[in-house]
2 protein chains.
Amino acid sequence: MKIEVINIGSELIDGTRVNRNLSCIAEKLKGLDCEITRGIIVGDDEKEILEVLNDSFRRVKMIIITGGLGPTLDDVTKKAITKFFNRRMVVDNNNQALVPQASRILPNPKGTAPGLILEEKDKMLVALPGVPEELNYLLEEALIPYLKQKVRLSSMARRTFKIYGLTEVELSEKIRLILKRKGLRFSILPRQIEIALKIEAGGNEAVNLIQGAEEEIKRNLGDTIYGMEEETLEEVVGLLLSMEKKKISVAESCTAGLISHRLTNVAGSSQYFEGGVIVYSNKGKMDLLGLDEKLLKEQGAVSEETARAMAVGVKNLTGVDLGLAVTGIAGPGGEMTDKPIGLTFIALAKSKKTVVQKFQFQGERELIKLKASQAALNMVRLSLIKK
Amino acid sequence: MKIEVINIGSELIDGTRVNRNLSCIAEKLKGLDCEITRGIIVGDDEKEILEVLNDSFRRVKMIIITGGLGPTLDDVTKKAITKFFNRRMVVDNNNQALVPQASRILPNPKGTAPGLILEEKDKMLVALPGVPEELNYLLEEALIPYLKQKVRLSSMARRTFKIYGLTEVELSEKIRLILKRKGLRFSILPRQIEIALKIEAGGNEAVNLIQGAEEEIKRNLGDTIYGMEEETLEEVVGLLLSMEKKKISVAESCTAGLISHRLTNVAGSSQYFEGGVIVYSNKGKMDLLGLDEKLLKEQGAVSEETARAMAVGVKNLTGVDLGLAVTGIAGPGGEMTDKPIGLTFIALAKSKKTVVQKFQFQGERELIKLKASQAALNMVRLSLIKK
């Protein structure tokens, strides 16, 4: 079944508020055999709402509309839908609200305006409040249970792959033939520091189709897939460190705390994260990590040798198994003729050897920091799976 | 001028991603004499996009469309608009991209796909990438300057106040009478760790009205206003440190790098940020900052005394003017009978004395870290303006 979602609210189209209600509804409907084909956002304007309802019902049989159900002057949705279905307003004593005649009332203990379901011939309109907390409650407690009786449970199967280390084009090339397979839908979602690949199929063969594609995608992409579904890279690194019973410390120059922050966003990270130092100046690198002044002068703060000495230094200072270090130029200042903005060295000191990699990141200051943190975490991941 | 905004992306209607692009565009268009009357979201489906374009151009003369401009298989927007305007694709050598013939190219150094403007008779279509960073860039650097030549500037005046340390209700109480003033529009936007208060007025008296209101709001809210417009707390703290020619170092336990990360997101922060340590374990607090084992055992890692010793320790270790330290319980583990999740001590060591404040934050792990970092930065700010 196809559904269109209409979100009402002038604050949603004038830049005051981001509309989260569409994705909230889509999230909750997963698992039901229905699909949102369009989202529409209009202000609190009765004429506009009527026009949108007319158009949408020409394309689909079910509409979910949110917002504008309250008692204040600018809440006009209820008026518009009453008019659309040619009904009268009547008082519903249980909910102390004016509602369109012959509508099914969804009581809303979290707020003042109840939700409404209006059905006529093959048309179904669901009106819900726009306040996220109330919307959530009514979706879970009233609408989904009601729809489950009406709509078949979906036989959709889906998988999400989290990928690092390939460009969008490289990724498409590697799995082009798999994605062309009949019945398979996919989306490639590039994010700042990674790509999410989603595949999806419906029908009787859905599970087999997805399983087959998953195996092949994993074979083709290898260890550029760092995780599945909603996993983050810091979670995966944390899991690997836990499994290996290894502790890590971090010495950060240009990322300046971001790697430690990300690692400790994971609950329970104190089991494997010992701590670290942020050494922004040469003085800090010498005083805290024992780097040699001569090394810093000759090679520079952003160099392979400095990264190596920082990683070994923080490993020894904190007495852990792994020392991770990052030094680079986040910009916009600090550029040198032989050292452009974005140049970054990342080192990982292990029990027997220390590896260093050189990167050249593009973007603004914050993005370079983020990319450097991702590359550093990925170096730790690869070293733990490739022992 | 009326505008409709079309956001393309299956991830926007299947619950994978919240669509922020509509409100981003609306925000940037403020100050121009135009109005977004409808937002429409559809998946990466050429037929759907064509249908939406047809419908929208029946209602308005200008459309902004985002997403689906990239080079991969699922990016179909460019195909759809080329078809809609009956044009051919041609190679644009400057931008190494296929573009519809006779379109104005908006170069996109942040990504691969350039933006496009297509005009025909009285119709204008602007196509922009869906990646927020690229969209932002092209709006500011290309579209808005272009539109300013086409569309009248509106005579709106507006101000945004960034506020920390008041609840939404406290804020409303303090400025209730000012906000009721005739001709003044306002919005109070609570964010996780601060509140943005926006005021706005139009017409001939707009500037006077806003100036008068601004003065009174500043008088009523005092130093709970930390900045104006888009300023962040870390920028304000950086500015104050620069002006006072003071250097700061940070010792972080529960925030684990977040404060250092935020301070160093500001370009030029190496002038006043020396570095810091992340001491997640008692061992780290003793080894790196010289804390006394007896103190840690008797008072606990999360205590006023530990915060104080950490702040003094990091100040001495790095030889700076100000030592900032945070220790707390971010959860979900680590709770003790007398020390609930969210309990946090923040200390600031200055040349002559060290101040410590106790906080009880609510929320999940990441939110507690964020709130603690905000409170810590605000302590630095207040100490620098109240010498």
# chains A, B, ... in the order shown; residues from 1 in each chain; ligands from 1
call {"tool": "residues_around", "arguments": {"residues": "Phe345 in chain B", "least_positions_apart": "2", "cutoff": "8 Å", "atoms": "only C-alpha atoms", "output": "list of chain:residue names"}}
result
B:Val302, B:Ser303, B:Glu304, B:Ala307, B:Val326, B:Thr327, B:Gly328, B:Leu343, B:Ala347, B:Val356, B:Gln357, B:Lys358, B:Phe359
call {"tool": "residues_around", "arguments": {"residues": "Val60 in chain B", "least_positions_apart": "4", "cutoff": "10 Å", "atoms": "only C-alpha atoms", "output": "PyMOL selection string"}}
result
chain B and resi 1-4+36-38+55-56+122-124
call {"tool": "write_last_selection", "arguments": {"atoms": "N, CA and C atoms", "output": "mmCIF file, in the first residue's frame"}}
result
data_model
loop_
_atom_site.group_PDB
_atom_site.id
_atom_site.type_symbol
_atom_site.label_atom_id
_atom_site.label_comp_id
_atom_site.auth_asym_id
_atom_site.auth_seq_id
_atom_site.Cartn_x
_atom_site.Cartn_y
_atom_site.Cartn_z
ATOM 1 N N MET B 1 7.915 36.533 -4.221
ATOM 2 C CA MET B 1 7.970 35.376 -5.113
ATOM 3 C C MET B 1 7.772 34.080 -4.316
ATOM 4 N N LYS B 2 6.936 33.223 -4.862
ATOM 5 C CA LYS B 2 6.680 31.934 -4.218
ATOM 6 C C LYS B 2 7.634 30.868 -4.748
ATOM 7 N N ILE B 3 8.126 30.046 -3.852
ATOM 8 C CA ILE B 3 9.070 28.994 -4.215
ATOM 9 C C ILE B 3 8.577 27.665 -3.648
ATOM 10 N N GLU B 4 8.742 26.595 -4.415
ATOM 11 C CA GLU B 4 8.554 25.257 -3.838
ATOM 12 C C GLU B 4 9.902 24.566 -3.793
ATOM 13 N N ILE B 36 8.780 30.296 0.818
ATOM 14 C CA ILE B 36 8.602 28.891 0.457
ATOM 15 C C ILE B 36 7.182 28.494 0.819
ATOM 16 N N THR B 37 6.411 28.051 -0.166
ATOM 17 C CA THR B 37 5.011 27.733 0.099
ATOM 18 C C THR B 37 4.766 26.242 0.234
ATOM 19 N N ARG B 38 5.700 25.435 -0.262
ATOM 20 C CA ARG B 38 5.493 23.987 -0.118
ATOM 21 C C ARG B 38 6.836 23.265 -0.179
ATOM 22 N N ASP B 55 3.766 19.348 -11.599
ATOM 23 C CA ASP B 55 2.768 19.886 -10.667
ATOM 24 C C ASP B 55 3.239 21.207 -10.063
ATOM 25 N N SER B 56 4.493 21.233 -9.609
ATOM 26 C CA SER B 56 4.976 22.412 -8.888
ATOM 27 C C SER B 56 5.025 23.630 -9.801
ATOM 28 N N ASP B 122 9.355 32.085 -18.024
ATOM 29 C CA ASP B 122 9.306 32.618 -16.664
ATOM 30 C C ASP B 122 9.594 31.544 -15.599
ATOM 31 N N LYS B 123 10.058 30.388 -16.036
ATOM 32 C CA LYS B 123 10.343 29.299 -15.085
ATOM 33 C C LYS B 123 11.814 29.318 -14.693
ATOM 34 N N MET B 124 12.082 29.087 -13.398
ATOM 35 C CA MET B 124 13.474 28.984 -12.951
ATOM 36 C C MET B 124 13.604 27.765 -12.049
#
call {"tool": "calpha_fit_rmsd", "arguments": {"fixed": "chain B", "moving": "chain A"}}
result
4.2 Å
call {"tool": "closest_atom_pairs", "arguments": {"of": "range 241-329 of chain B", "to": "range 333-340 of chain A", "cutoff": "12 Å", "atoms": "only C-alpha atoms", "output": "JSON lines"}}
result
{"residue": "B:Val266", "atom": "CA", "partner": "A:Gly333", "partner_atom": "CA", "distance": 11.3}
{"residue": "B:Ala267", "atom": "CA", "partner": "A:Gly333", "partner_atom": "CA", "distance": 7.6}
{"residue": "B:Gly268", "atom": "CA", "partner": "A:Gly333", "partner_atom": "CA", "distance": 7.2}
{"residue": "B:Ser269", "atom": "CA", "partner": "A:Gly333", "partner_atom": "CA", "distance": 10.4}
{"residue": "B:Ser270", "atom": "CA", "partner": "A:Gly333", "partner_atom": "CA", "distance": 10.1}
{"residue": "B:Gln271", "atom": "CA", "partner": "A:Gly333", "partner_atom": "CA", "distance": 11.4}
call {"tool": "select_by_dssp", "arguments": {"residues": "range 4-171 of chain B", "states": "alpha helix (DSSP H)", "output": "ChimeraX atom specification"}}
result
/B:10-13,21-29,46-59,77-84,132-138,144-150,168-171
call {"tool": "closest_residue", "arguments": {"among": "A:Ile163, A:Ala142, A:Ile105, A:Leu348", "to": "Glu231 in chain A", "atoms": "only C-alpha atoms"}}
result
A:Ile163
call {"tool": "closest_atom_pairs", "arguments": {"of": "range 121-193 of chain B", "to": "range 14-27 of chain B", "cutoff": "9 Å", "atoms": "only C-alpha atoms", "output": "CSV"}}
result
residue,atom,partner,partner_atom,distance
B:Gly130,CA,B:Asn21,CA,7.2
B:Val131,CA,B:Asn21,CA,8.6
B:Pro132,CA,B:Asn21,CA,6.9
B:Leu135,CA,B:Asn21,CA,7.9
B:Asn136,CA,B:Cys24,CA,7.6
B:Leu139,CA,B:Ile25,CA,7.5
call {"tool": "write_last_selection", "arguments": {"atoms": "N, CA and C atoms", "output": "PDB file, in the first residue's frame"}}
result
ATOM      1  N   GLY B 130      22.515  17.305  -2.394  1.00  0.00           N
ATOM      2  CA  GLY B 130      21.793  17.039  -1.148  1.00  0.00           C
ATOM      3  C   GLY B 130      22.690  16.922   0.064  1.00  0.00           C
ATOM      4  N   VAL B 131      24.000  16.800  -0.141  1.00  0.00           N
ATOM      5  CA  VAL B 131      24.929  16.713   0.995  1.00  0.00           C
ATOM      6  C   VAL B 131      24.961  18.066   1.700  1.00  0.00           C
ATOM      7  N   PRO B 132      24.602  18.100   3.009  1.00  0.00           N
ATOM      8  CA  PRO B 132      24.411  19.373   3.709  1.00  0.00           C
ATOM      9  C   PRO B 132      25.568  20.355   3.543  1.00  0.00           C
ATOM     10  N   LEU B 135      25.483  21.710   0.026  1.00  0.00           N
ATOM     11  CA  LEU B 135      24.290  22.544  -0.158  1.00  0.00           C
ATOM     12  C   LEU B 135      24.510  23.914   0.466  1.00  0.00           C
ATOM     13  N   ASN B 136      24.979  23.918   1.705  1.00  0.00           N
ATOM     14  CA  ASN B 136      25.276  25.144   2.420  1.00  0.00           C
ATOM     15  C   ASN B 136      26.208  26.047   1.630  1.00  0.00           C
ATOM     16  N   LEU B 139      24.529  27.425  -1.549  1.00  0.00           N
ATOM     17  CA  LEU B 139      23.522  28.438  -1.222  1.00  0.00           C
ATOM     18  C   LEU B 139      24.209  29.764  -0.949  1.00  0.00           C
TER      19      LEU B 139
END
call {"tool": "closest_residue", "arguments": {"among": "A:Asn220, A:Asn204, A:Gln362, A:Gln374", "to": "chain B", "atoms": "only C-alpha atoms"}}
result
A:Gln362
call {"tool": "closest_residue", "arguments": {"among": "B:Asn93, B:Thr112, B:Ser103, B:Ser373", "to": "Gly257 in chain B", "atoms": "only C-alpha atoms"}}
result
B:Ser373
call {"tool": "atom_distance", "arguments": {"atom1": "CA of Glu200 in chain B", "atom2": "CA of Arg185 in chain B"}}
result
5.1 Å
call {"tool": "residues_around", "arguments": {"residues": "Pro109 in chain B", "least_positions_apart": "3", "cutoff": "12 Å", "atoms": "only C-alpha atoms", "output": "list in words"}}
result
Gln362, Gly363 and Glu364 of chain A; Asn94, Asn95, Gln96, Leu106, Thr112, Ala113, Pro114, Gly115, Pro129, Glu133, Glu134, Leu135, Tyr137, Leu138, Glu141 and Ala142 of chain B
call {"tool": "closest_residue", "arguments": {"among": "A:Leu239, A:Ile144, A:Ile210, A:Leu288", "to": "chain B", "atoms": "only C-alpha atoms"}}
result
A:Leu288
call {"tool": "select_by_dssp", "arguments": {"residues": "range 139-307 of chain A", "states": "strand (DSSP E or B)", "output": "ChimeraX atom specification"}}
result
/A:153,157-163,185-190,195-201,225-228,248-252,273-279
